[in-house]
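*Asks:* model_1.txt is reproduced below (compact mmCIF, C-alpha atoms and all ligand atoms).
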```txt
# COMPACT_ATOMS: atom_id res chain seq x y z
CA MET N 1 40.97 31.99 -26.49
CA THR N 2 39.82 28.58 -27.69
CA ARG N 3 36.14 28.05 -26.93
CA HIS N 4 34.71 24.80 -25.61
CA LEU N 5 31.31 23.36 -24.73
CA LEU N 6 31.95 21.62 -21.43
CA ARG N 7 28.86 22.75 -19.50
CA ASP N 8 25.57 24.22 -20.68
CA ASN N 9 26.38 27.66 -19.29
CA ASP N 10 29.54 27.91 -21.40
CA LEU N 11 27.15 29.55 -23.88
CA SER N 12 25.70 32.92 -22.94
CA PRO N 13 21.98 33.44 -23.63
CA ALA N 14 22.82 35.24 -26.90
CA GLU N 15 25.29 32.52 -27.94
CA GLN N 16 22.83 29.76 -27.12
CA ALA N 17 20.20 31.50 -29.25
CA ALA N 18 22.72 31.90 -32.09
CA VAL N 19 23.64 28.21 -31.94
CA LEU N 20 19.96 27.26 -32.02
CA ASP N 21 19.38 29.51 -35.03
CA LEU N 22 22.36 27.93 -36.77
CA ALA N 23 21.06 24.45 -35.96
CA ALA N 24 17.70 25.36 -37.50
CA GLU N 25 19.50 26.62 -40.63
CA PHE N 26 21.54 23.42 -40.86
CA LYS N 27 18.36 21.39 -40.58
CA VAL N 28 16.96 23.13 -43.66
CA SER N 29 20.24 23.07 -45.64
CA PRO N 30 22.42 20.26 -44.29
CA TYR N 31 25.21 20.40 -46.88
CA ASP N 32 25.85 24.11 -47.43
CA ALA N 33 28.15 24.97 -44.51
CA ARG N 34 31.59 23.31 -44.68
CA PRO N 35 33.76 24.74 -41.90
CA LEU N 36 35.62 21.41 -41.72
CA ALA N 37 36.38 21.29 -45.46
CA GLY N 38 39.75 19.78 -46.17
CA PRO N 39 38.66 17.44 -44.71
CA GLN N 40 39.78 18.41 -41.24
CA SER N 41 39.31 15.71 -38.61
CA VAL N 42 37.30 15.73 -35.41
CA ALA N 43 38.30 13.14 -32.81
CA MET N 44 35.39 11.35 -31.13
CA ILE N 45 36.19 9.38 -27.99
CA PHE N 46 33.61 7.29 -26.16
CA ASP N 47 34.38 5.84 -22.73
CA LYS N 48 30.71 4.96 -22.18
CA PRO N 49 28.12 3.31 -24.45
CA THR N 50 26.74 5.38 -27.31
CA LEU N 51 24.37 5.17 -30.25
CA ARG N 52 22.88 8.60 -30.99
CA THR N 53 25.96 10.55 -30.05
CA GLN N 54 28.31 8.52 -32.23
CA VAL N 55 26.08 8.44 -35.29
CA SER N 56 24.88 12.04 -35.04
CA PHE N 57 28.41 13.42 -34.59
CA SER N 58 29.76 11.16 -37.36
CA ALA N 59 27.08 12.16 -39.84
CA GLY N 60 27.22 15.81 -38.79
CA ILE N 61 31.01 16.10 -39.06
CA ALA N 62 30.84 14.55 -42.53
CA GLU N 63 28.10 17.03 -43.52
CA LEU N 64 30.36 19.88 -42.36
CA GLY N 65 33.02 18.63 -44.81
CA GLY N 66 35.15 16.95 -42.16
CA PHE N 67 36.35 13.48 -41.19
CA PRO N 68 34.87 11.90 -38.04
CA MET N 69 37.79 10.11 -36.40
CA LEU N 70 36.67 7.48 -33.93
CA VAL N 71 39.31 7.11 -31.24
CA GLU N 72 38.85 3.89 -29.30
CA GLY N 73 38.85 4.97 -25.67
CA ARG N 74 39.93 1.58 -24.32
CA LEU N 75 42.92 1.37 -26.69
CA ALA N 76 43.97 4.95 -26.03
CA GLY N 77 43.83 4.32 -22.28
CA ILE N 78 43.31 7.98 -21.49
CA GLY N 79 44.40 8.73 -17.95
CA VAL N 80 45.76 5.18 -17.61
CA ARG N 81 48.26 4.53 -20.39
CA GLU N 82 49.06 8.22 -20.66
CA SER N 83 47.81 11.29 -18.91
CA VAL N 84 44.80 13.31 -20.06
CA GLU N 85 47.18 16.26 -20.54
CA ASP N 86 49.45 14.33 -22.92
CA VAL N 87 46.51 12.90 -24.87
CA ALA N 88 45.13 16.43 -25.21
CA ARG N 89 48.46 17.78 -26.53
CA VAL N 90 48.75 14.94 -29.06
CA LEU N 91 45.16 15.14 -30.30
CA GLY N 92 45.34 18.92 -30.54
CA ARG N 93 48.15 18.58 -33.09
CA GLN N 94 46.04 16.27 -35.29
CA VAL N 95 42.44 17.39 -35.23
CA ALA N 96 40.28 20.50 -35.44
CA ALA N 97 38.14 19.58 -32.42
CA ILE N 98 37.69 16.85 -29.81
CA VAL N 99 34.37 15.29 -28.83
CA TRP N 100 34.60 13.24 -25.64
CA ARG N 101 32.10 11.15 -23.68
CA THR N 102 33.61 10.18 -20.37
CA PHE N 103 32.90 9.88 -16.67
CA HIS N 104 34.46 12.79 -14.80
CA GLN N 105 33.87 16.41 -15.74
CA ALA N 106 37.29 17.23 -14.28
CA ASP N 107 38.98 15.08 -16.96
CA LEU N 108 37.10 16.94 -19.68
CA ASP N 109 38.22 20.24 -18.17
CA THR N 110 41.82 18.97 -18.22
CA MET N 111 41.47 17.95 -21.88
CA ALA N 112 40.15 21.42 -22.72
CA ALA N 113 42.94 23.14 -20.82
CA HIS N 114 45.66 21.37 -22.84
CA ALA N 115 44.23 20.55 -26.29
CA GLY N 116 44.46 23.96 -27.96
CA VAL N 117 41.36 23.06 -30.03
CA PRO N 118 37.67 23.13 -29.07
CA VAL N 119 36.55 20.31 -26.77
CA VAL N 120 32.90 19.26 -26.74
CA ASN N 121 31.25 17.40 -23.86
CA ALA N 122 29.49 14.42 -25.41
CA LEU N 123 28.19 13.45 -21.90
CA THR N 124 29.86 13.18 -18.55
CA ASP N 125 28.48 12.06 -15.21
CA GLU N 126 27.72 15.74 -14.57
CA PHE N 127 26.37 17.28 -17.81
CA HIS N 128 25.03 16.49 -21.29
CA PRO N 129 25.03 19.88 -23.05
CA CYS N 130 24.79 18.56 -26.63
CA GLN N 131 21.53 16.85 -25.76
CA LEU N 132 20.20 20.11 -24.38
CA ILE N 133 20.87 22.06 -27.56
CA ALA N 134 18.92 19.35 -29.39
CA ASP N 135 16.16 19.41 -26.78
CA LEU N 136 15.83 23.20 -26.87
CA LEU N 137 15.74 23.11 -30.66
CA THR N 138 12.96 20.53 -30.44
CA VAL N 139 10.95 22.52 -27.92
CA ARG N 140 11.35 25.66 -30.01
CA GLU N 141 10.19 23.83 -33.15
CA HIS N 142 7.07 22.53 -31.45
CA LEU N 143 6.13 25.42 -29.16
CA GLY N 144 7.57 28.32 -31.15
CA VAL N 145 9.49 29.89 -28.25
CA LEU N 146 11.66 29.00 -25.29
CA ALA N 147 11.57 32.08 -23.06
CA GLY N 148 8.70 31.85 -20.61
CA VAL N 149 7.90 28.19 -21.37
CA ARG N 150 7.31 26.00 -18.31
CA VAL N 151 9.21 22.72 -18.52
CA ALA N 152 8.93 19.99 -15.91
CA PHE N 153 11.67 17.38 -15.49
CA VAL N 154 10.34 14.36 -13.59
CA GLY N 155 12.47 11.44 -12.40
CA ASP N 156 16.16 11.23 -11.50
CA ALA N 157 16.84 14.96 -11.42
CA ALA N 158 20.27 14.39 -9.87
CA CYS N 159 21.69 13.03 -13.13
CA ASN N 160 23.56 14.79 -15.94
CA MET N 161 20.31 15.56 -17.79
CA GLY N 162 18.83 17.22 -14.71
CA SER N 163 21.85 19.50 -14.30
CA SER N 164 21.92 20.30 -18.00
CA TRP N 165 18.22 21.14 -18.08
CA LEU N 166 18.73 23.49 -15.14
CA LEU N 167 21.57 25.43 -16.75
CA ALA N 168 20.41 25.35 -20.37
CA GLY N 169 16.75 25.97 -19.55
CA ALA N 170 17.68 28.92 -17.35
CA THR N 171 19.94 30.29 -20.10
CA ALA N 172 16.97 30.10 -22.49
CA GLY N 173 14.75 32.00 -20.04
CA MET N 174 12.51 29.02 -19.34
CA HIS N 175 10.64 28.22 -16.12
CA VAL N 176 12.37 24.97 -15.15
CA VAL N 177 10.66 22.75 -12.59
CA MET N 178 12.72 19.82 -11.29
CA CYS N 179 10.73 17.06 -9.60
CA ALA N 180 12.31 14.05 -7.91
CA PRO N 181 12.29 12.10 -4.66
CA PRO N 182 14.29 14.00 -2.02
CA ASP N 183 17.41 11.87 -2.54
CA HIS N 184 17.38 12.45 -6.30
CA LEU N 185 16.97 16.22 -6.41
CA PRO N 186 19.66 18.12 -8.30
CA CYS N 187 22.91 19.23 -6.75
CA PRO N 188 22.23 22.49 -4.78
CA GLU N 189 25.25 24.18 -6.37
CA ILE N 190 23.79 23.72 -9.86
CA VAL N 191 20.38 24.91 -8.64
CA THR N 192 22.05 28.07 -7.34
CA GLN N 193 23.93 28.65 -10.59
CA ALA N 194 20.76 28.11 -12.63
CA THR N 195 18.77 30.41 -10.35
CA ASP N 196 21.37 33.15 -10.89
CA ILE N 197 21.18 32.70 -14.66
CA ALA N 198 17.37 32.67 -14.60
CA ALA N 199 17.37 35.95 -12.66
CA ARG N 200 19.06 37.54 -15.67
CA THR N 201 17.05 35.83 -18.42
CA GLY N 202 13.56 36.12 -16.97
CA GLY N 203 13.31 32.39 -16.30
CA SER N 204 12.92 30.64 -12.96
CA ILE N 205 13.96 27.47 -11.16
CA THR N 206 11.76 25.40 -8.87
CA THR N 207 12.52 22.09 -7.21
CA GLY N 208 10.14 19.75 -5.42
CA SER N 209 8.94 16.21 -4.95
CA ASP N 210 5.27 16.33 -6.00
CA PRO N 211 4.96 15.17 -9.63
CA VAL N 212 1.40 16.42 -10.13
CA ALA N 213 2.27 19.89 -8.83
CA ALA N 214 5.38 19.96 -11.02
CA VAL N 215 3.66 18.94 -14.23
CA ARG N 216 0.58 21.14 -13.76
CA GLY N 217 0.66 23.82 -16.45
CA ALA N 218 3.87 22.54 -18.02
CA ALA N 219 4.08 22.86 -21.81
CA ALA N 220 6.96 20.40 -21.97
CA VAL N 221 7.52 17.36 -19.74
CA VAL N 222 10.90 15.65 -19.69
CA THR N 223 12.20 12.45 -18.22
CA ASP N 224 15.32 10.31 -18.48
CA THR N 225 16.33 6.81 -17.50
CA TRP N 226 16.41 6.20 -13.76
CA VAL N 227 19.68 4.27 -14.17
CA SER N 228 22.30 6.41 -15.83
CA MET N 229 25.38 4.76 -17.29
CA GLY N 230 27.62 3.69 -14.42
CA LYS N 231 24.72 3.38 -11.92
CA GLU N 232 23.62 -0.11 -12.98
CA GLU N 233 24.22 -1.62 -9.52
CA GLU N 234 21.64 0.77 -8.04
CA ALA N 235 18.92 -0.23 -10.52
CA ALA N 236 16.62 -2.04 -8.06
CA ALA N 237 16.84 0.60 -5.33
CA ARG N 238 16.25 3.36 -7.85
CA ALA N 239 13.22 1.60 -9.37
CA ALA N 240 11.61 1.40 -5.93
CA VAL N 241 12.09 5.04 -4.95
CA LEU N 242 11.46 6.54 -8.39
CA ALA N 243 8.30 4.57 -9.24
CA PRO N 244 5.92 7.44 -8.29
CA TYR N 245 7.83 9.71 -10.70
CA ALA N 246 7.16 7.74 -13.88
CA LEU N 247 5.97 9.76 -16.86
CA THR N 248 2.65 7.99 -17.25
CA ALA N 249 -0.24 8.90 -19.51
CA GLU N 250 -2.14 9.98 -16.38
CA LEU N 251 0.63 12.34 -15.30
CA LEU N 252 1.04 13.80 -18.79
CA ALA N 253 -2.72 14.44 -18.88
CA THR N 254 -2.28 16.90 -16.00
CA ALA N 255 0.15 19.06 -18.03
CA ALA N 256 -0.94 21.98 -20.21
CA PRO N 257 -3.16 21.02 -23.16
CA GLY N 258 -0.97 19.87 -26.07
CA ALA N 259 2.10 19.51 -23.87
CA ILE N 260 5.03 17.74 -25.48
CA ALA N 261 6.96 14.85 -23.94
CA LEU N 262 10.73 14.54 -24.22
CA HIS N 263 13.20 11.76 -23.44
CA CYS N 264 16.86 11.76 -24.48
CA LEU N 265 16.89 7.95 -24.93
CA PRO N 266 17.64 5.15 -24.33
CA ALA N 267 14.16 4.71 -22.84
CA TYR N 268 12.75 1.91 -20.74
CA ARG N 269 9.05 1.64 -21.52
CA GLY N 270 6.95 0.79 -18.51
CA THR N 271 9.65 2.06 -16.15
CA GLU N 272 10.38 5.81 -16.34
CA ILE N 273 7.99 6.38 -19.25
CA ASP N 274 4.79 4.70 -20.44
CA ALA N 275 4.82 3.18 -23.92
CA THR N 276 1.65 5.14 -24.62
CA VAL N 277 3.54 8.36 -23.88
CA ILE N 278 6.77 7.77 -25.80
CA ASP N 279 4.91 6.21 -28.72
CA GLY N 280 1.95 8.58 -28.46
CA PRO N 281 0.96 11.82 -30.20
CA GLN N 282 2.56 14.13 -27.62
CA SER N 283 5.98 12.52 -27.94
CA VAL N 284 8.69 14.54 -29.72
CA VAL N 285 11.38 12.01 -28.89
CA TRP N 286 12.29 11.10 -32.47
CA ASP N 287 12.65 14.77 -33.41
CA GLU N 288 14.96 15.13 -30.41
CA ALA N 289 17.06 12.22 -31.65
CA GLU N 290 17.29 13.70 -35.16
CA ASN N 291 18.04 17.14 -33.80
CA ARG N 292 21.21 15.90 -32.13
CA ARG N 293 22.88 16.07 -35.55
CA HIS N 294 21.75 19.59 -36.39
CA ALA N 295 22.49 20.83 -32.86
CA GLN N 296 25.99 19.37 -32.68
CA LYS N 297 26.88 20.65 -36.14
CA ALA N 298 25.90 24.11 -34.92
CA VAL N 299 27.99 23.70 -31.76
CA LEU N 300 31.05 22.67 -33.79
CA ALA N 301 30.56 25.45 -36.35
CA PHE N 302 30.12 27.99 -33.55
CA LEU N 303 33.22 26.88 -31.64
CA LEU N 304 35.37 26.67 -34.78
CA GLY N 305 34.06 30.04 -35.93
CA ALA N 306 34.88 31.60 -32.56
CA GLY N 307 38.49 30.49 -33.06
CA GLU N 308 38.54 31.89 -36.60
CA GLU N 309 37.23 35.26 -35.39
CA GLU N 310 39.98 35.36 -32.78
CA ARG N 311 42.68 34.72 -35.40
CA ALA N 312 41.21 37.25 -37.90
N1 LIG G 401 21.34 10.16 -17.85
C1 LIG G 401 21.65 9.25 -18.95
C2 LIG G 401 21.64 9.96 -20.25
C3 LIG G 401 21.81 9.07 -21.44
C4 LIG G 401 21.89 9.80 -22.75
C5 LIG G 401 22.99 8.58 -18.69
O1 LIG G 401 23.93 9.26 -18.28
O2 LIG G 401 23.09 7.36 -18.91
```
What's the structure tokens form of this structure?
Ligand code: NVA
*Replies:*
Amino acid sequence: MTRHLLRDNDLSPAEQAAVLDLAAEFKVSPYDARPLAGPQSVAMIFDKPTLRTQVSFSAGIAELGGFPMLVEGRLAGIGVRESVEDVARVLGRQVAAIVWRTFHQADLDTMAAHAGVPVVNALTDEFHPCQLIADLLTVREHLGVLAGVRVAFVGDAACNMGSSWLLAGATAGMHVVMCAPPDHLPCPEIVTQATDIAARTGGSITTGSDPVAAVRGAAAVVTDTWVSMGKEEEAAARAAVLAPYALTAELLATAAPGAIALHCLPAYRGTEIDATVIDGPQSVVWDEAENRRHAQKAVLAFLLGAGEEERA
């Protein structure tokens, strides 16, 4: 069966740990593993803006010996000019894997069902699992472990990053605390799924709307933009309701001593995060951005390797 990374819980706890170990190896020796030698191509499709995802996948695919093939989403007209199913069948005959940033998770699922090659979620409205592998790698580098670590996500917890932190953090055995105004708390279905995972990994899930209570004792504090791609028209309303949930220096000071601050970027200083936090000594944001490359290489190598094992 072809493996995909569509949601964070597509990786079991053991598989997530293996991918993180591989990412750490790739970080030390970036040019040794060449599962895409040939070069085989990986299609990268972006239906939303991108900087980190495009450059980190491009560089990472090249480092794995492959060719990063940028497919222009607007020209391809996926789901408009031709169906997602037909695009999947065509791409699957040309490339070793497909990396897709798009809006609807259901379209990604359709791509995966028909491509015959691994499909990687490079961000949808619902999840951002590649970012989470990078974030977990970053937390592990700075704190040494993941299991048992308390992480607080403060801000728009209803976005893709909130859902991904719930599932990936639970898979890693972390104590995940989601803090947002009542209308921006994560989807209850994802909270339930994450709670079930945490029950097996020794982690836990908490949700609430008091930022100081959420951050107290946290070793890692995470935020994200309040205006995810596609939500631009809601910017003013979101700024008003989310203002008390900004990751300020004062809020970070209530976390555990030496706590680290994460943000997947792009960041809006003075809005969801203080400049003194993102540019300060507790910020690990630039490591996170670098780790996208190592993390995504590990995801691709893992998914391609899973296919190889099946064929062997
Ligand atoms: N929640 C953000 C993440 C950006 C990487 C968005 O979807 O725009």
*Asks:* Using all atoms listed in the file, which residues sit within 6 Å of segment 258-273 of chain N once same-chain residues fewer than 2 positions away are excluded, as an MDAnalysis selection string?
*Replies:* chainID N and resid 219:224 246:248 256 275 282:285
*Asks:* Could you write out the selected residues, including C-alpha atoms, as an mmCIF file, keeping the file's coordinate frame?
*Replies:*
```cif
data_model
loop_
_atom_site.group_PDB
_atom_site.id
_atom_site.type_symbol
_atom_site.label_atom_id
_atom_site.label_comp_id
_atom_site.auth_asym_id
_atom_site.auth_seq_id
_atom_site.Cartn_x
_atom_site.Cartn_y
_atom_site.Cartn_z
ATOM 1 C CA ALA N 219 4.080 22.860 -21.810
ATOM 2 C CA ALA N 220 6.960 20.400 -21.970
ATOM 3 C CA VAL N 221 7.520 17.360 -19.740
ATOM 4 C CA VAL N 222 10.900 15.650 -19.690
ATOM 5 C CA THR N 223 12.200 12.450 -18.220
ATOM 6 C CA ASP N 224 15.320 10.310 -18.480
ATOM 7 C CA ALA N 246 7.160 7.740 -13.880
ATOM 8 C CA LEU N 247 5.970 9.760 -16.860
ATOM 9 C CA THR N 248 2.650 7.990 -17.250
ATOM 10 C CA ALA N 256 -0.940 21.980 -20.210
ATOM 11 C CA ALA N 275 4.820 3.180 -23.920
ATOM 12 C CA GLN N 282 2.560 14.130 -27.620
ATOM 13 C CA SER N 283 5.980 12.520 -27.940
ATOM 14 C CA VAL N 284 8.690 14.540 -29.720
ATOM 15 C CA VAL N 285 11.380 12.010 -28.890
#
```
*Asks:* Let me see if you get this right: every residue at most 6 Å from ligand LIG 401 (chain G), counting all atoms listed in the file, written as a ChimeraX atom specification.
*Replies:* /N:159-161,228-229,264-265
*Asks:* Sort by chain and increasing residue number a table of all residues of segment 201-294 of chain N within 12 Å of segment 30-34 of chain N, each with its closest pair of atoms and their distance in Å to one decimal, counting only C-alpha atoms, and write it as a Markdown table.
*Replies:*
```
| residue | atom | partner | partner_atom | distance |
| --- | --- | --- | --- | --- |
| N:Asn291 | CA | N:Pro30 | CA | 11.8 |
| N:Arg293 | CA | N:Pro30 | CA | 9.7 |
| N:His294 | CA | N:Pro30 | CA | 8.0 |
```
*Asks:* Taking (32.0, 20.5, -18.8) in the coordinates of the supplied file, I want to know which residues reach to within 7 Å of it, counting only C-alpha atoms; could you give the answer as a list in words?
*Replies:*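 Here is the list of nearby residues: Leu5, Leu6, Arg7, Gln105, Leu108, Asp109, Asn121 and Phe127 of chain N.
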*Asks:* Could you state the separation of atom CA of Cys130 of chain N and atom CA of Val299 of chain N in Å, given to one decimal place?
*Replies:* 7.9 Å
*Asks:* Atom CA of Glu15 of chain N and atom CA of Val151 of chain N, how far apart in Å?
*Replies:*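 Going from atom CA of Val151 of chain N over to atom CA of Glu15 of chain N covers 21.1 Å.
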